[in-house]
$ cat my_file.pdb   # PDB, C-alpha atoms
ATOM      1  CA  MET A 708       0.000   0.000   0.000
ATOM      2  CA  LEU A 709       1.670   3.186  -1.202
ATOM      3  CA  GLY A 710       1.430   6.212   1.049
ATOM      4  CA  GLY A 711       2.930   9.670   0.875
ATOM      5  CA  VAL A 712       5.394  11.956   2.613
ATOM      6  CA  PHE A 713       4.728  13.319   6.104
ATOM      7  CA  ILE A 714       6.567  16.521   7.103
ATOM      8  CA  SER A 715       7.118  16.763  10.859
ATOM      9  CA  TYR A 716       8.275  20.136  12.176
ATOM     10  CA  ARG A 717       7.879  22.816  14.822
ATOM     11  CA  ARG A 718       6.756  26.242  13.657
ATOM     12  CA  GLU A 719       8.973  28.019  16.179
ATOM     13  CA  ASP A 720      11.994  26.024  15.063
ATOM     14  CA  SER A 721      11.731  25.489  11.303
ATOM     15  CA  GLY A 722       8.405  26.901  10.123
ATOM     16  CA  GLY A 723      10.024  29.080   7.447
ATOM     17  CA  TYR A 724      11.797  26.102   5.924
ATOM     18  CA  ALA A 725       8.789  23.779   6.250
ATOM     19  CA  GLY A 726       6.563  25.859   4.001
ATOM     20  CA  ARG A 727       9.193  26.163   1.278
ATOM     21  CA  ILE A 728      10.100  22.477   1.398
ATOM     22  CA  TYR A 729       6.405  21.596   1.245
ATOM     23  CA  ASP A 730       6.012  23.763  -1.868
ATOM     24  CA  ARG A 731       8.898  22.018  -3.647
ATOM     25  CA  LEU A 732       7.801  18.497  -2.697
ATOM     26  CA  ALA A 733       4.193  19.258  -3.625
ATOM     27  CA  GLN A 734       5.322  20.428  -7.059
ATOM     28  CA  ALA A 735       7.278  17.221  -7.600
ATOM     29  CA  LEU A 736       5.008  14.673  -5.929
ATOM     30  CA  GLY A 737       1.575  16.272  -5.982
ATOM     31  CA  SER A 738       0.086  18.117  -3.026
ATOM     32  CA  ASP A 739      -2.134  15.140  -2.123
ATOM     33  CA  ASN A 740       1.006  13.096  -1.531
ATOM     34  CA  VAL A 741       2.617  15.477   0.976
ATOM     35  CA  PHE A 742       0.988  15.647   4.434
ATOM     36  CA  PHE A 743       1.983  18.881   6.087
ATOM     37  CA  ASP A 744       0.012  19.691   9.221
ATOM     38  CA  VAL A 745      -2.222  18.249  11.927
ATOM     39  CA  ASP A 746      -3.816  21.153  13.831
ATOM     40  CA  SER A 747      -7.209  20.487  12.247
ATOM     41  CA  ILE A 748      -7.891  17.329  14.264
ATOM     42  CA  ALA A 749     -11.572  17.569  15.207
ATOM     43  CA  PRO A 750     -12.607  18.063  18.846
ATOM     44  CA  GLY A 751     -13.212  14.809  20.676
ATOM     45  CA  ILE A 752     -10.909  12.779  18.433
ATOM     46  CA  ASP A 753      -8.001  10.891  20.020
ATOM     47  CA  PHE A 754      -5.118  12.849  18.521
ATOM     48  CA  VAL A 755      -2.514  10.209  19.440
ATOM     49  CA  ASP A 756      -4.383   7.554  17.476
ATOM     50  CA  THR A 757      -5.091  10.006  14.654
ATOM     51  CA  LEU A 758      -1.462  11.086  14.303
ATOM     52  CA  SER A 759      -0.230   7.500  14.429
ATOM     53  CA  GLU A 760      -2.744   6.488  11.772
ATOM     54  CA  ARG A 761      -1.846   9.374   9.467
ATOM     55  CA  VAL A 762       1.877   8.759   9.798
ATOM     56  CA  GLY A 763       1.256   5.057   9.250
ATOM     57  CA  ARG A 764      -0.321   5.765   5.875
ATOM     58  CA  CYS A 765       2.896   7.376   4.620
ATOM     59  CA  ASP A 766       6.023   5.764   3.223
ATOM     60  CA  ALA A 767       8.412   8.404   4.537
ATOM     61  CA  LEU A 768       8.542  10.941   7.341
ATOM     62  CA  ILE A 769      10.712  14.020   6.963
ATOM     63  CA  ALA A 770      11.764  15.261  10.393
ATOM     64  CA  LEU A 771      12.757  18.924  10.094
ATOM     65  CA  ILE A 772      15.297  19.723  12.793
ATOM     66  CA  GLY A 773      16.464  23.260  13.494
ATOM     67  CA  LYS A 774      18.747  24.604  16.186
ATOM     68  CA  GLN A 775      15.944  24.784  18.782
ATOM     69  CA  TRP A 776      14.236  21.481  17.956
ATOM     70  CA  LEU A 777      15.740  19.672  20.928
ATOM     71  CA  THR A 778      15.324  22.373  23.570
ATOM     72  CA  ILE A 779      12.034  24.161  22.853
ATOM     73  CA  ALA A 780       9.896  24.217  25.996
ATOM     74  CA  GLY A 781       6.216  24.750  26.657
ATOM     75  CA  ALA A 782       4.495  27.272  28.891
ATOM     76  CA  ASP A 783       5.297  25.067  31.885
ATOM     77  CA  LYS A 784       9.049  25.390  31.101
ATOM     78  CA  ARG A 785       9.145  21.666  30.417
ATOM     79  CA  ARG A 786      10.960  20.502  27.299
ATOM     80  CA  ARG A 787       8.316  19.548  24.750
ATOM     81  CA  LEU A 788      10.070  16.350  23.683
ATOM     82  CA  ASP A 789       9.706  15.095  27.265
ATOM     83  CA  ASP A 790       5.924  15.316  26.965
ATOM     84  CA  PRO A 791       4.441  12.010  25.677
ATOM     85  CA  GLY A 792       1.627  14.056  24.158
ATOM     86  CA  ASP A 793       3.906  16.292  22.090
ATOM     87  CA  PHE A 794       2.837  16.217  18.424
ATOM     88  CA  VAL A 795       6.382  16.016  17.015
ATOM     89  CA  ARG A 796       7.321  13.230  19.400
ATOM     90  CA  ILE A 797       4.172  11.255  18.547
ATOM     91  CA  GLU A 798       4.800  11.643  14.804
ATOM     92  CA  ILE A 799       8.394  10.421  14.905
ATOM     93  CA  GLU A 800       7.606   7.672  17.419
ATOM     94  CA  ALA A 801       4.878   6.363  15.133
ATOM     95  CA  ALA A 802       7.205   6.296  12.132
ATOM     96  CA  LEU A 803      10.050   4.573  13.985
ATOM     97  CA  THR A 804       7.705   2.034  15.556
ATOM     98  CA  ARG A 805       6.061   1.156  12.243
ATOM     99  CA  GLY A 806       9.339   0.873  10.350
ATOM    100  CA  ILE A 807       8.594   3.884   8.134
ATOM    101  CA  ARG A 808      11.605   5.569   6.524
ATOM    102  CA  VAL A 809      12.557   8.570   8.666
ATOM    103  CA  ILE A 810      14.742  11.208   7.005
ATOM    104  CA  PRO A 811      16.164  13.851   9.378
ATOM    105  CA  VAL A 812      16.454  17.142   7.494
ATOM    106  CA  LEU A 813      18.795  19.534   9.268
ATOM    107  CA  VAL A 814      18.087  23.210   8.640
ATOM    108  CA  ASP A 815      19.639  26.508   9.657
ATOM    109  CA  GLY A 816      22.960  24.853  10.549
ATOM    110  CA  ALA A 817      21.448  22.377  13.026
ATOM    111  CA  THR A 818      23.084  19.058  13.897
ATOM    112  CA  LEU A 819      21.545  15.714  14.781
ATOM    113  CA  PRO A 820      20.818  15.398  18.503
ATOM    114  CA  MET A 821      22.631  12.790  20.578
ATOM    115  CA  SER A 822      20.722   9.643  21.532
ATOM    116  CA  GLN A 823      21.223  10.334  25.234
ATOM    117  CA  ASP A 824      19.456  13.694  24.858
ATOM    118  CA  LEU A 825      16.279  12.117  23.470
ATOM    119  CA  PRO A 826      13.393  10.206  25.054
ATOM    120  CA  PRO A 827      13.958   6.411  24.866
ATOM    121  CA  SER A 828      11.326   6.110  22.114
ATOM    122  CA  LEU A 829      13.359   8.425  19.848
ATOM    123  CA  GLU A 830      16.829   7.055  20.562
ATOM    124  CA  LYS A 831      17.103   5.512  17.083
ATOM    125  CA  LEU A 832      16.557   8.836  15.302
ATOM    126  CA  PRO A 833      20.245   9.904  15.284
ATOM    127  CA  ARG A 834      21.114   6.631  13.511
ATOM    128  CA  ARG A 835      19.131   7.715  10.453
ATOM    129  CA  GLN A 836      21.109   9.292   7.627
ATOM    130  CA  GLY A 837      20.188  12.961   7.395
ATOM    131  CA  ILE A 838      20.215  15.675   4.735
ATOM    132  CA  GLU A 839      21.333  19.259   5.326
ATOM    133  CA  ILE A 840      19.290  22.060   3.764
ATOM    134  CA  SER A 841      20.594  25.611   3.848
ATOM    135  CA  LEU A 842      19.335  28.812   2.274
ATOM    136  CA  ALA A 843      22.598  29.254   0.378
ATOM    137  CA  ARG A 844      22.151  25.871  -1.358
ATOM    138  CA  PHE A 845      18.387  25.491  -1.058
ATOM    139  CA  ASP A 846      17.693  24.380  -4.627
ATOM    140  CA  SER A 847      20.453  21.772  -4.792
ATOM    141  CA  ASP A 848      19.761  20.531  -1.244
ATOM    142  CA  VAL A 849      16.053  20.012  -1.911
ATOM    143  CA  GLU A 850      16.936  18.230  -5.134
ATOM    144  CA  ARG A 851      18.998  15.784  -3.061
ATOM    145  CA  LEU A 852      15.942  15.203  -0.880
ATOM    146  CA  ASN A 853      13.801  14.614  -3.965
ATOM    147  CA  ARG A 854      16.319  12.086  -5.264
ATOM    148  CA  ALA A 855      16.303  10.246  -1.936
ATOM    149  CA  LEU A 856      12.511  10.011  -2.083
ATOM    150  CA  ALA A 857      12.639   8.852  -5.709
ATOM    151  CA  GLU A 858      15.043   6.075  -4.740
ATOM    152  CA  LEU A 859      12.707   5.048  -1.919
ATOM    153  CA  GLU A 860       9.777   4.924  -4.337
ATOM    154  CA  GLU A 861      11.745   2.686  -6.709
ATOM    155  CA  GLU A 862      12.643   0.438  -3.801
ATOM    156  CA  LEU A 863       9.017   0.223  -2.663
ATOM    157  CA  GLY A 864       7.850  -0.329  -6.218
ATOM    158  CA  ARG A 865      10.139  -3.332  -6.586
ATOM    159  CA  SER A 866       8.991  -4.839  -3.304
ATOM    160  CA  ARG A 867       5.304  -4.039  -3.838
ATOM    161  CA  PRO A 868       4.752  -3.956  -7.601
ATOM    162  CA  ASP A 869       1.001  -4.626  -7.458
ATOM    163  CA  ALA A 870       0.223  -2.512  -4.387
ATOM    164  CA  PRO A 871      -3.157  -0.740  -4.585
ATOM    165  CA  THR A 872      -3.448   2.950  -3.851
ATOM    166  CA  THR A 873      -5.139   4.373  -0.756
ATOM    167  CA  PRO A 874      -7.381   7.402  -0.232
ATOM    168  CA  ALA A 875      -5.666  10.756   0.026
ATOM    169  CA  PRO A 876      -4.908  12.144   3.503
ATOM    170  CA  ASP A 877      -6.612  15.176   4.987
ATOM    171  CA  ARG A 878      -5.877  18.511   3.372
ATOM    172  CA  PRO A 879      -3.104  20.717   4.842
ATOM    173  CA  ARG A 880      -4.426  22.734   7.757
ATOM    174  CA  ASP A 881      -2.446  25.915   7.285
ATOM    175  CA  ALA A 882      -3.543  27.808   4.196
ATOM    176  CA  SER A 883      -0.860  30.437   4.695
ATOM    177  CA  ALA A 884       1.920  27.875   4.705
ATOM    178  CA  ALA A 885       0.580  25.345   2.181
ATOM    179  CA  PRO A 886      -0.866  26.238  -1.216
ATOM    180  CA  SER A 887      -4.313  24.974  -2.108
ATOM    181  CA  SER A 888      -4.185  21.591  -3.785
ATOM    182  CA  ALA A 889      -6.064  20.095  -6.680
ATOM    183  CA  ALA A 890      -8.905  17.624  -6.322
ATOM    184  CA  SER A 891      -8.125  14.520  -4.313
ATOM    185  CA  ALA A 892      -6.109  11.886  -6.168
ATOM    186  CA  PRO A 893      -4.823   8.418  -5.286
ATOM    187  CA  LEU A 894      -1.819   8.473  -3.019
ATOM    188  CA  GLY A 895       1.658   7.442  -4.057
ATOM    189  CA  LEU A 896       4.964   8.667  -2.718
ATOM    190  CA  MET A 897       6.193   9.570  -6.183
ATOM    191  CA  SER A 898       3.539   8.333  -8.570
ATOM    192  CA  ALA A 899       0.379  10.397  -8.139
ATOM    193  CA  ALA A 900       0.068  13.523 -10.254
ATOM    194  CA  ALA A 901      -0.367  16.989  -8.794
ATOM    195  CA  PRO A 902      -1.685  19.052 -11.728
ATOM    196  CA  SER A 903      -3.972  17.088 -14.065
ATOM    197  CA  ASP A 904      -1.552  17.485 -16.961
ATOM    198  CA  ALA A 905       1.536  16.335 -15.018
ATOM    199  CA  LYS A 906       3.222  13.046 -15.877
ATOM    200  CA  SER A 907       3.316  10.231 -13.383
ATOM    201  CA  TRP A 908       6.165  10.908 -10.979
ATOM    202  CA  ARG A 909       6.798   7.204 -10.631
ATOM    203  CA  ARG A 910       7.464   6.940 -14.374
ATOM    204  CA  SER A 911       9.274  10.210 -14.907
ATOM    205  CA  ALA A 912      11.363  10.646 -11.735
ATOM    206  CA  PRO A 913      13.784   7.731 -12.180
ATOM    207  CA  VAL A 914      14.487   8.688 -15.827
ATOM    208  CA  ALA A 915      14.781  12.384 -15.084
ATOM    209  CA  GLY A 916      16.858  11.644 -12.002
ATOM    210  CA  ALA A 917      19.218   9.469 -14.005
ATOM    211  CA  ILE A 918      19.620  12.126 -16.711
ATOM    212  CA  LEU A 919      20.126  14.912 -14.170
ATOM    213  CA  GLY A 920      22.466  12.769 -12.115
ATOM    214  CA  ALA A 921      24.619  11.882 -15.108
ATOM    215  CA  GLY A 922      24.652  15.510 -16.234
ATOM    216  CA  ALA A 923      25.602  16.678 -12.757
ATOM    217  CA  ILE A 924      28.484  14.191 -12.576
ATOM    218  CA  ILE A 925      29.831  15.261 -15.963
ATOM    219  CA  ALA A 926      29.441  18.948 -15.136
ATOM    220  CA  ALA A 927      31.113  18.519 -11.762
ATOM    221  CA  ALA A 928      34.014  16.675 -13.391
ATOM    222  CA  LEU A 929      34.501  19.434 -15.963
ATOM    223  CA  VAL A 930      34.331  22.135 -13.304
ATOM    224  CA  TYR A 931      36.721  20.270 -11.036
ATOM    225  CA  ALA A 932      39.201  19.803 -13.880
ATOM    226  CA  SER A 933      39.267  23.564 -14.488
ATOM    227  CA  LEU A 934      39.712  24.582 -10.843
ATOM    228  CA  PRO A 935      42.837  24.737  -8.683
ATOM    229  CA  ARG A 936      43.330  21.516  -6.767
ATOM    230  CA  GLY A 937      43.026  21.153  -3.006
ATOM    231  CA  HIS A 938      40.491  23.889  -2.317
ATOM    232  CA  ALA A 939      39.460  22.047   0.864
ATOM    233  CA  ALA A 940      42.909  22.790   2.294
ATOM    234  CA  HIS A 941      42.522  26.558   2.053
ATOM    235  CA  PRO A 942      42.921  28.370   5.406
ATOM    236  CA  TRP A 943      39.704  30.299   4.660
ATOM    237  CA  LYS A 944      36.195  28.948   4.261
ATOM    238  CA  PRO A 945      32.764  30.403   3.468
ATOM    239  CA  SER A 946      29.666  29.959   5.609
ATOM    240  CA  PHE A 947      28.737  26.700   3.853
ATOM    241  CA  ASP A 948      30.538  23.354   3.721
ATOM    242  CA  CYS A 949      32.715  23.307   0.582
ATOM    243  CA  ARG A 950      32.546  19.507   0.534
ATOM    244  CA  LEU A 951      28.883  19.927  -0.412
ATOM    245  CA  ALA A 952      29.434  22.788  -2.846
ATOM    246  CA  ALA A 953      27.099  22.550  -5.842
ATOM    247  CA  GLY A 954      27.610  24.549  -9.018
ATOM    248  CA  LYS A 955      30.398  26.664 -10.446
ATOM    249  CA  ALA A 956      29.608  29.740  -8.353
ATOM    250  CA  GLU A 957      29.908  27.910  -5.023
ATOM    251  CA  LEU A 958      33.140  26.231  -6.150
ATOM    252  CA  MET A 959      34.489  29.644  -7.139
ATOM    253  CA  ILE A 960      33.608  31.021  -3.695
ATOM    254  CA  CYS A 961      35.309  28.096  -1.964
ATOM    255  CA  ASN A 962      38.495  28.738  -3.936
ATOM    256  CA  ASN A 963      38.632  32.487  -3.413
ATOM    257  CA  GLU A 964      39.453  34.104  -0.086
ATOM    258  CA  GLN A 965      37.767  37.430  -0.855
ATOM    259  CA  LEU A 966      34.515  35.796  -1.945
ATOM    260  CA  SER A 967      34.589  33.506   1.097
ATOM    261  CA  GLU A 968      34.949  36.510   3.384
ATOM    262  CA  LEU A 969      32.017  38.215   1.671
ATOM    263  CA  ASP A 970      29.934  35.060   2.073
ATOM    264  CA  ASN A 971      30.669  34.979   5.809
ATOM    265  CA  GLU A 972      29.853  38.678   6.179
ATOM    266  CA  LEU A 973      26.538  38.204   4.412
ATOM    267  CA  SER A 974      25.738  35.115   6.479
ATOM    268  CA  VAL A 975      26.238  37.008   9.759
ATOM    269  CA  LEU A 976      24.064  39.900   8.577
ATOM    270  CA  TYR A 977      21.332  37.624   7.308
ATOM    271  CA  THR A 978      21.258  35.494  10.471
ATOM    272  CA  THR A 979      21.198  38.583  12.705
ATOM    273  CA  ILE A 980      18.281  40.131  10.831
ATOM    274  CA  ARG A 981      16.357  36.862  10.559
ATOM    275  CA  LYS A 982      16.495  36.294  14.321
ATOM    276  CA  SER A 983      14.873  39.681  14.866
ATOM    277  CA  LEU A 984      11.946  38.856  12.573
ATOM    278  CA  ALA A 985       8.968  36.544  12.774
ATOM    279  CA  GLY A 986       6.038  35.351  10.717
ATOM    280  CA  GLU A 987       5.502  36.997   7.335
ATOM    281  CA  ASP A 988       8.505  39.317   7.711
ATOM    282  CA  GLN A 989      10.774  36.322   8.182
ATOM    283  CA  ARG A 990       9.230  34.508   5.211
ATOM    284  CA  GLN A 991       9.763  37.559   3.016
ATOM    285  CA  LEU A 992      13.416  37.712   4.045
ATOM    286  CA  ASP A 993      13.837  33.999   3.252
ATOM    287  CA  SER A 994      12.183  34.477  -0.126
ATOM    288  CA  ALA A 995      14.433  37.418  -0.994
ATOM    289  CA  GLU A 996      17.474  35.381   0.018
ATOM    290  CA  SER A 997      16.405  32.524  -2.262
ATOM    291  CA  VAL A 998      16.048  34.930  -5.185
ATOM    292  CA  TRP A 999      19.487  36.339  -4.431
ATOM    293  CA  VAL A1000      21.045  32.835  -4.367
ATOM    294  CA  VAL A1001      19.643  32.158  -7.839
ATOM    295  CA  GLU A1002      21.117  35.441  -9.102
ATOM    296  CA  ARG A1003      24.486  34.664  -7.540
ATOM    297  CA  ASN A1004      24.592  31.155  -8.982
ATOM    298  CA  ALA A1005      23.765  32.537 -12.433
ATOM    299  CA  CYS A1006      27.166  34.266 -12.344
ATOM    300  CA  SER A1007      28.817  30.858 -12.745
ATOM    301  CA  ARG A1008      32.611  31.391 -12.437
ATOM    302  CA  ASP A1009      32.568  35.135 -13.155
ATOM    303  CA  PHE A1010      34.408  36.632 -10.174
ATOM    304  CA  ASN A1011      33.265  40.209 -10.774
ATOM    305  CA  CYS A1012      29.657  39.134 -11.166
ATOM    306  CA  ILE A1013      29.705  37.060  -7.962
ATOM    307  CA  LYS A1014      31.401  39.845  -6.035
ATOM    308  CA  LYS A1015      28.851  42.388  -7.218
ATOM    309  CA  THR A1016      25.934  40.210  -6.098
ATOM    310  CA  TYR A1017      27.527  39.940  -2.649
ATOM    311  CA  ASP A1018      28.322  43.655  -2.435
ATOM    312  CA  ASP A1019      24.786  44.607  -3.431
ATOM    313  CA  ARG A1020      23.132  42.128  -1.057
ATOM    314  CA  ILE A1021      25.380  43.077   1.867
ATOM    315  CA  ALA A1022      24.623  46.778   1.303
ATOM    316  CA  GLU A1023      20.903  45.973   1.193
ATOM    317  CA  LEU A1024      21.033  43.979   4.443
ATOM    318  CA  LYS A1025      23.127  46.630   6.201
ATOM    319  CA  LYS A1026      20.536  49.222   5.265
ATOM    320  CA  LYS A1027      17.786  46.968   6.560
ATOM    321  CA  LEU A1028      19.671  46.366   9.810
ATOM    322  CA  ALA A1029      20.266  50.104  10.312
ATOM    323  CA  THR A1030      16.545  50.812  10.134
ATOM    324  CA  LYS A1031      15.637  48.327  12.843
ATOM    325  CA  PRO A1032      14.894  49.799  16.292
TER     326      PRO A1032
END

$ encode --input "my_file.pdb" --output "structure tokens"
Amino acid sequence: MLGGVFISYRREDSGGYAGRIYDRLAQALGSDNVFFDVDSIAPGIDFVDTLSERVGRCDALIALIGKQWLTIAGADKRRRLDDPGDFVRIEIEAALTRGIRVIPVLVDGATLPMSQDLPPSLEKLPRRQGIEISLARFDSDVERLNRALAELEEELGRSRPDAPTTPAPDRPRDASAAPSSAASAPLGLMSAAAPSDAKSWRRSAPVAGAILGAGAIIAAALVYASLPRGHAAHPWKPSFDCRLAAGKAELMICNNEQLSELDNELSVLYTTIRKSLAGEDQRQLDSAESVWVVERNACSRDFNCIKKTYDDRIAELKKKLATKP
């Protein structure tokens, strides 16, 4: 029985990322295949049973983990993860108990928690291979997540070739965070279509993934051949991990001290401003940063172009910071 993808997150910790990741996965998989929120559980319904049932209908659970995921406390000053009734804890517990694939997605520079810092029912979470998603590499990072889900769908398809589909899960609860979806369609982690004219993800994803993967390998090889060797040994480093650098622009930044310094300066400004914002203001800042990353990456290996994008963005953020009370 094919299910979908369940996104588990805390608004206070990773809400800005959750909405954007939902949008990308919904575009690729179909909005009926990505379960986003659970606040709409009707009064009188056992929410523990309901959450467990909804998670159980999915083939994968994406656990978004930000820097505060482990320590966020409730009004009683008690850490939420220590509450057996905590939504996030229930969601991940249900997935681990039922043998559902759990993919930790680390955002905003977060790291996987240690087993000893988690409730006994979540101790296996740190053993799951995670994926890092940052604003600087958002597009390429989410593509890695999509590929991981495509591989899971292929794996499930081989083990359950004649599996029937199941009814679609409840609609997302948060209209501001999740776009309205099309009419209900059969569930499938990668196979069900979102728009009516979209091709089956199950059929198209493996082929497209293979083509993109091969192209990426060839492109990376050509870029690597044209760059100075040993960039990982440089005494400087940008705000992102150069081992995960994707694209010519990021490789150029990793191999240039001046560009790396500009990247760090921008990262500090951006993080400082983002922490002072909330809600729609924070989402607008994230959106503007994503647009800027696309513009920067379009510079490819043009030093002057990359430097200008950094100079302009840094000046813009400094002006924004100066106007804050």

$ resolve_selection --input "my_file.pdb" --expression "the PyMOL selection byres ((chain A and resi 814) around 8)" --output "VMD selection string"
chain A and resid 721 724 771 to 774 812 to 813 815 to 817 839 to 841

$ closest_residue --input "my_file.pdb" --among "A:Ala733, A:Ile714, A:Leu1028, A:Ala767" --to "Glu860 (chain A)" --atoms "all atoms listed in the file"
A:Ala767

$ closest_residue --input "my_file.pdb" --among "A:Leu984, A:Val849, A:Ile1021, A:Leu859" --to "Glu968 (chain A)" --atoms "only C-alpha atoms"
A:Ile1021

$ resolve_selection --input "my_file.pdb" --expression "the PyMOL selection byres ((chain A and resi 1018) around 12)" --output "PyMOL selection string"
chain A and resi 965-966+968-970+972-973+999+1003+1011-1017+1019-1025

$ resolve_selection --input "my_file.pdb" --expression "the PyMOL selection byres ((chain A and resi 719) around 10)" --output "list of chain:residue names"
A:Tyr716, A:Arg717, A:Arg718, A:Asp720, A:Ser721, A:Gly722, A:Gly723, A:Gly773, A:Gln775, A:Trp776, A:Ile779, A:Ala985, A:Gly986

$ axis_aligned_box --input "my_file.pdb" --around "region 750-756 of chain A" --padding-each-side "8 Å" --output "JSON"
{"center_x": -7.9, "center_y": 12.8, "center_z": 19.1, "size_x": 26.7, "size_y": 26.5, "size_z": 19.2}

$ closest_residue --input "my_file.pdb" --among "A:Asp766, A:Glu830, A:Glu760, A:Asp753" --to "Gly792 (chain A)" --atoms "all atoms listed in the file"
A:Asp753

$ closest_residue --input "my_file.pdb" --among "A:Gln823, A:Gln836, A:Ser866, A:Phe713" --to "Ala801 (chain A)" --atoms "only C-alpha atoms"
A:Phe713

$ residues_around --input "my_file.pdb" --residues "Gly763 (chain A)" --least-positions-apart "6" --cutoff "8 Å" --atoms "only C-alpha atoms" --output "PyMOL selection string"
chain A and resi 801-802+805+807

$ closest_residue --input "my_file.pdb" --among "A:Ile810, A:Leu958, A:Leu788, A:Leu976" --to "Lys1027 (chain A)" --atoms "only C-alpha atoms"
A:Leu976

$ residues_around --input "my_file.pdb" --residues "Ser822 (chain A)" --least-positions-apart "2" --cutoff "12 Å" --atoms "only C-alpha atoms" --output "short mmCIF file (atom, residue, chain, number, x, y, z; two decimals) with C-alpha atoms, keeping the file's coordinate frame"
data_model
loop_
_atom_site.label_atom_id
_atom_site.label_comp_id
_atom_site.auth_asym_id
_atom_site.auth_seq_id
_atom_site.Cartn_x
_atom_site.Cartn_y
_atom_site.Cartn_z
CA LEU A 777 15.74 19.67 20.93
CA LEU A 819 21.54 15.71 14.78
CA PRO A 820 20.82 15.40 18.50
CA ASP A 824 19.46 13.69 24.86
CA LEU A 825 16.28 12.12 23.47
CA PRO A 826 13.39 10.21 25.05
CA PRO A 827 13.96 6.41 24.87
CA SER A 828 11.33 6.11 22.11
CA LEU A 829 13.36 8.43 19.85
CA GLU A 830 16.83 7.06 20.56
CA LYS A 831 17.10 5.51 17.08
CA LEU A 832 16.56 8.84 15.30
CA PRO A 833 20.24 9.90 15.28
CA ARG A 834 21.11 6.63 13.51
CA ARG A 835 19.13 7.72 10.45
#

$ atom_distance --input "my_file.pdb" --atom1 "CA of Val762 (chain A)" --atom2 "CA of Glu861 (chain A)"
20.2 Å

$ atom_distance --input "my_file.pdb" --atom1 "CA of Leu852 (chain A)" --atom2 "CA of Leu736 (chain A)"
12.1 Å

$ atom_distance --input "my_file.pdb" --atom1 "CA of Arg727 (chain A)" --atom2 "CA of Asn853 (chain A)"
13.5 Å

$ closest_residue --input "my_file.pdb" --among "A:Arg981, A:Lys1026, A:Arg761, A:Arg787" --to "Ser994 (chain A)" --atoms "only C-alpha atoms"
A:Arg981
